[in-house]
Each structure stands twice: as structure tokens, then as C-alpha cells.
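Asks: Pasting input-v2.cif here (mmCIF, C-alpha atoms):
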data_data
loop_
_atom_site.label_atom_id
_atom_site.label_comp_id
_atom_site.auth_asym_id
_atom_site.auth_seq_id
_atom_site.Cartn_x
_atom_site.Cartn_y
_atom_site.Cartn_z
CA MET A 1 10.23 3.51 -13.45
CA ALA A 2 12.41 0.50 -12.59
CA ASP A 3 12.13 -0.91 -9.08
CA ARG A 4 15.79 -0.16 -8.39
CA GLU A 5 15.14 3.54 -9.05
CA PHE A 6 11.89 3.85 -7.12
CA ASP A 7 12.30 4.98 -3.52
CA TYR A 8 9.59 3.04 -1.70
CA GLU A 9 10.81 4.07 1.73
CA SER A 10 10.64 7.84 1.10
CA THR A 11 7.33 7.43 -0.72
CA LEU A 12 5.80 5.61 2.25
CA GLU A 13 7.14 8.26 4.62
CA ALA A 14 5.52 10.94 2.44
CA CYS A 15 2.25 8.99 2.53
CA ALA A 16 2.50 8.94 6.32
CA ARG A 17 2.61 12.76 6.20
CA GLY A 18 -0.61 12.78 4.12
CA ASP A 19 0.98 13.37 0.70
CA GLU A 20 -1.67 12.22 -1.81
CA ARG A 21 0.73 12.64 -4.76
CA ALA A 22 3.17 10.23 -3.15
CA PHE A 23 0.32 7.78 -2.69
CA GLN A 24 -0.68 8.14 -6.35
CA THR A 25 2.91 7.48 -7.37
CA LEU A 26 3.07 4.39 -5.19
CA TYR A 27 -0.22 3.17 -6.62
CA ARG A 28 1.00 3.60 -10.20
CA GLN A 29 4.25 1.84 -9.33
CA GLU A 30 2.74 -1.25 -7.68
CA ALA A 31 -0.97 -1.69 -8.47
CA GLY A 32 -0.51 -3.71 -11.66
CA GLN A 33 1.87 -6.20 -10.13
CA LEU A 34 -0.12 -6.49 -6.91
CA LEU A 35 -3.34 -7.10 -8.84
CA GLY A 36 -1.64 -9.83 -10.86
CA LEU A 37 -0.37 -11.44 -7.68
CA ALA A 38 -3.81 -11.28 -6.05
CA ILE A 39 -5.50 -12.77 -9.13
CA SER A 40 -3.01 -15.61 -9.26
CA MET A 41 -3.54 -16.38 -5.56
CA LEU A 42 -7.32 -16.06 -5.58
CA GLY A 43 -8.24 -17.16 -9.09
CA ARG A 44 -10.90 -14.44 -9.28
CA ARG A 45 -10.37 -10.92 -10.53
CA ASP A 46 -13.33 -9.40 -8.67
CA ILE A 47 -12.11 -10.56 -5.26
CA ALA A 48 -8.52 -9.67 -6.21
CA GLU A 49 -9.62 -6.11 -7.02
CA ASP A 50 -11.35 -5.87 -3.63
CA CYS A 51 -8.17 -7.06 -1.91
CA LEU A 52 -6.07 -4.57 -3.87
CA HIS A 53 -8.44 -1.76 -2.90
CA ASP A 54 -8.38 -2.82 0.76
CA ALA A 55 -4.58 -3.10 0.70
CA PHE A 56 -4.11 0.42 -0.65
CA VAL A 57 -6.59 1.86 1.82
CA ARG A 58 -4.63 0.13 4.59
CA ILE A 59 -1.32 1.38 3.18
CA TRP A 60 -2.67 4.94 3.19
CA GLN A 61 -4.10 4.65 6.69
CA HIS A 62 -1.09 2.91 8.22
CA ALA A 63 1.90 4.29 6.30
CA ALA A 64 3.15 5.85 9.55
CA ARG A 65 3.68 2.31 10.91
CA TYR A 66 6.30 1.55 8.26
CA ARG A 67 9.88 1.66 9.60
CA ARG A 68 12.69 1.61 7.05
CA GLU A 69 15.12 0.13 9.57
CA LEU A 70 12.93 -3.00 9.76
CA GLY A 71 12.88 -3.77 6.03
CA SER A 72 12.21 -2.56 2.52
CA GLY A 73 9.19 -0.46 1.73
CA ARG A 74 8.29 -2.65 -1.22
CA ALA A 75 8.25 -5.77 0.95
CA TRP A 76 6.00 -3.95 3.44
CA VAL A 77 3.55 -2.99 0.68
CA HIS A 78 3.50 -6.53 -0.72
CA SER A 79 2.98 -8.04 2.72
CA ILE A 80 -0.12 -5.90 3.25
CA LEU A 81 -1.66 -7.18 0.02
CA ARG A 82 -0.64 -10.74 0.84
CA TYR A 83 -2.40 -10.57 4.23
CA ARG A 84 -5.53 -9.15 2.60
CA VAL A 85 -5.53 -12.02 0.08
CA LEU A 86 -4.92 -14.64 2.76
CA ASN A 87 -7.80 -13.21 4.78
CA ALA A 88 -10.02 -13.42 1.69
CA LEU A 89 -8.98 -17.02 1.10
CA ARG A 90 -9.73 -17.91 4.71
CA SER A 91 -13.00 -16.02 5.05
CA GLY A 92 -14.48 -16.55 1.61
CA ASN A 93 -16.01 -13.06 1.43
CA ARG A 94 -14.72 -9.51 1.10
CA HIS A 95 -16.13 -6.10 1.89
CA ALA A 96 -14.74 -2.77 0.82
CA GLU A 97 -13.60 -0.99 3.95
CA VAL A 98 -13.53 2.73 3.20
CA ASP A 99 -13.59 5.84 1.05
CA ASP A 100 -13.93 4.69 -2.57
CA ASP A 101 -13.65 8.32 -3.74
CA PHE A 102 -10.04 8.56 -2.61
CA ILE A 103 -9.03 5.42 -4.51
CA GLU A 104 -10.98 6.58 -7.58
CA ARG A 105 -8.99 9.84 -7.65
CA VAL A 106 -5.81 7.79 -7.72
CA LEU A 107 -7.14 5.51 -10.46
CA ASP A 108 -8.03 8.43 -12.73
CA ASP A 109 -4.34 9.36 -13.13
CA SER A 110 -3.11 5.81 -13.77
CA PRO A 111 -1.59 5.26 -17.26
CA GLN A 112 -3.05 1.83 -18.09
CA ALA A 113 -0.79 0.85 -21.00
CA GLU A 114 2.42 1.63 -19.13
CA ALA A 115 1.28 -0.31 -16.08
CA GLN A 116 0.38 -3.35 -18.19
CA ALA A 117 3.74 -3.32 -19.99
CA LEU A 118 5.60 -3.03 -16.69
CA GLU A 119 3.53 -5.82 -15.17
CA GLN A 120 4.18 -8.13 -18.12
CA SER A 121 7.94 -7.57 -18.08
CA GLU A 122 8.09 -8.12 -14.31
CA GLN A 123 6.01 -11.29 -14.63
CA ARG A 124 8.35 -12.66 -17.32
CA LEU A 125 11.39 -11.96 -15.14
CA LEU A 126 9.76 -13.58 -12.11
CA ARG A 127 8.78 -16.65 -14.17
CA ARG A 128 12.35 -17.00 -15.46
CA CYS A 129 13.74 -16.75 -11.94
CA LEU A 130 11.20 -19.26 -10.62
CA GLN A 131 12.09 -21.68 -13.41
CA ARG A 132 15.74 -21.53 -12.34
CA LEU A 133 14.87 -22.72 -8.84
CA GLU A 134 14.98 -26.45 -8.30
CA ARG A 135 11.56 -28.01 -7.66
CA PRO A 136 12.06 -28.67 -3.90
CA ARG A 137 12.48 -24.91 -3.35
CA ARG A 138 10.09 -23.67 -6.05
CA HIS A 139 7.07 -25.80 -5.10
CA PRO A 140 6.75 -24.62 -1.45
CA ILE A 141 7.19 -20.99 -2.55
CA LEU A 142 4.40 -21.31 -5.11
CA LEU A 143 2.12 -22.99 -2.59
CA ALA A 144 2.80 -20.25 -0.02
CA PHE A 145 2.67 -17.14 -2.16
CA TYR A 146 0.29 -18.14 -4.97
CA ARG A 147 -2.07 -20.47 -3.14
CA GLY A 148 -1.91 -18.87 0.30
CA LEU A 149 -1.04 -22.05 2.21
CA THR A 150 0.66 -21.79 5.58
CA HIS A 151 4.01 -23.47 6.19
CA GLU A 152 2.21 -26.16 8.21
CA GLN A 153 -0.25 -26.84 5.37
CA ILE A 154 2.61 -27.08 2.87
CA ALA A 155 4.53 -29.50 5.09
CA SER A 156 1.44 -31.68 5.41
CA ARG A 157 0.62 -31.52 1.70
CA LEU A 158 4.20 -32.38 0.65
CA SER A 159 4.74 -34.88 3.50
CA THR A 160 7.89 -33.02 4.48
CA PRO A 161 9.02 -31.85 7.93
CA LEU A 162 8.00 -28.28 8.79
CA GLY A 163 11.60 -27.17 9.41
CA THR A 164 12.62 -28.44 5.97
CA ILE A 165 9.78 -26.52 4.33
CA LYS A 166 10.73 -23.30 6.15
CA GLY A 167 14.38 -23.74 5.14
CA ARG A 168 13.49 -24.41 1.50
CA ILE A 169 11.24 -21.35 1.34
CA ARG A 170 13.88 -19.15 2.97
CA ALA A 171 16.66 -20.40 0.66
CA GLY A 172 14.38 -20.18 -2.38
CA LEU A 173 13.37 -16.60 -1.60
CA ARG A 174 17.03 -15.65 -1.21
CA ALA A 175 17.81 -17.20 -4.61
CA LEU A 176 14.82 -15.40 -6.17
CA GLN A 177 15.91 -12.08 -4.70
CA GLU A 178 19.42 -12.53 -6.14
CA CYS A 179 17.99 -13.46 -9.54
CA LEU A 180 15.59 -10.51 -9.61
CA GLN A 181 18.35 -8.07 -8.67
CA ALA A 182 20.82 -9.40 -11.25
#
What is this structure when it is put down as C-alpha cells?
Replies:
Amino acid sequence: MADREFDYESTLEACARGDERAFQTLYRQEAGQLLGLAISMLGRRDIAEDCLHDAFVRIWQHAARYRRELGSGRAWVHSILRYRVLNALRSGNRHAEVDDDFIERVLDDSPQAEAQALEQSEQRLLRRCLQRLERPRRHPILLAFYRGLTHEQIASRLSTPLGTIKGRIRAGLRALQECLQA
């Protein structure tokens, strides 16, 4: 199902009501892409899988905290994974937090080939959009989202003022969003 057709907001609201089928649907929709993102940030599949597991447990447990008036459901889901990955990068070790049986039930229904094809097409589109960005915007975005650096760390690493880095990331993300929606 294409991202434009998938209703993340309603799915998260259903998860908040305890709807396991909605959670399974959300997992099938996002797990492949989130795993790819975690692997690219961490460089290790085993830790990335732990982060993905933790993120989905957290999504299930805290879906009631999502508020559609504050932003997109997809962004909320991705931010949860991103925080799990950043915590793993900072701490150096991961522990599964909860109920593996629940996640295993979700995994059993996941059509692997379809998820891989979707992930590959989304990765190609993202790469194309990233390539269109000029280097001063692309580089800080890659350091933030794929290496887990903070804005302050990026500014120091690139010897660029913090405000400039924040502005470049903001403008770059806007350009990426436009490209991905085109």
C-alpha cells in the first residue's frame, strides 16, 4: 500500500484502543523501512532489530499519546524508532523490553517479499531525492538521521554555526518532503 493511501493517524488511534489487527497492519507497512533506517544508522543488524522491536513495543504501549493535531502519524512512528536508535548509539547496549510473544504474532503474518520490494522502492526514491539536495543541506541531514549526531555535534564537525546547521536541516527536510510527495 502506498504511503499516500495508508492512514497512519486512524491506525494509531485504533492501536490506542487495543486493536491488534491495526498494529499488525502498521507493522507490515513500516517495519521494513524502519529496519533499513536503523541498520544504516547503527551499522549492525542485530542491534537494529532490537531497536525496531523496542520501537514497536513502545508504539503499542503509547499509541494513546499520539495526537493527530500535532503532526503526522508516520512522523510520530519514525521518531520513536529514531529515539530508540539514538539511545542505542549513546548507551552502546540494548535490552529487549517486553512481551516477545506479541511481536512474534505480528511477524508471523508479515509477507516478506512484499515488504522487501516496498523497502527497496522507497530507498531508491529517498536516494534520488537526497541526491537532488545540494551538499550543504544533504550532509547535515545524513549526519543527523543516519549517524545520529546532534545539531551541536554536526556544527562542531562541519565547523559551521549551530543556527546555520539547524536552518540547513530544516530547509533540506522541507525539500525532501516535497520531492517524496511529488
Asks: So the first atom is CA of Asp19 (chain A) and the second is CA of Trp60 (chain A); what is the distance between them in Å, to one decimal place?
Replies: 9.5 Å
Asks: Choose the residue, out of A:Ala64, A:Ala88, A:Ile59, A:Ala14, that has the smallest atom-to-atom separation from Gly43 (chain A); count only C-alpha atoms.
Replies: A:Ala88
Asks: Any idea what the distance is between CA of Pro140 (chain A) and CA of Glu49 (chain A)?
Replies: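 Separating CA of Pro140 (chain A) from CA of Glu49 (chain A) is a distance of 25.3 Å.
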Asks: Check which residues satisfy the PyMOL selection byres ((chain A and resi 158) around 12) in the file shown, then give them as a list in words.
Replies: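 Those residues are Arg135, Pro136, Arg137, His139, Pro140, Leu143, Leu149, His151, Glu152, Gln153, Ile154, Ala155, Ser156, Arg157, Ser159, Thr160, Pro161, Leu162, Thr164 and Ile165 of chain A.
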Asks: To one decimal in Å, tell me the separation between CA of Met41 (chain A) and CA of Leu133 (chain A).
Replies: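 That distance, rounded to one decimal, is 19.7 Å.
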Asks: Dig up all the protein and nucleic acid residues within 12 Å of (22.2, -19.4, -8.5) in the file frame, using only C-alpha atoms, and format them as a VMD selection string.
Replies: chain A and resid 129 to 134 171 to 182
Asks: Ranking A:Leu70, A:Ala144, A:Leu126, A:Leu26 by minimum distance to Tyr83 (chain A) and counting only C-alpha atoms, which one comes first?
Replies: A:Ala144
Asks: From the list A:Ser91, A:Arg21, A:His53, A:Phe145, which residue is nearest Ser79 (chain A) when using only C-alpha atoms?
Replies: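 When distances to Ser79 (chain A) are compared using only C-alpha atoms, the smallest one comes from A:Phe145.
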Asks: Applied to the shown file, which residues does the PyMOL selection byres ((chain A and resi 52) around 12) return, written as a PyMOL selection string?
Replies: chain A and resi 27+30-39+42+45-51+53-59+77-85+88+94-97+103
Asks: Could you expand the PyMOL selection byres ((chain A and resi 65-68) around 10) into the explicit residues it covers here, written as a ChimeraX atom specification?
Replies: /A:8-10,12-13,16,59,61-64,69-73,76-77
Asks: So for region 122-127 of chain A, what box centre and size do we get, axis-aligned, 4 Å extra on each of the six sides, every listed atom, Å to one decimal, as AutoDock Vina command-line options?
Replies:
--center_x 8.7 --center_y -12.4 --center_z -14.7 --size_x 13.4 --size_y 16.5 --size_z 13.2
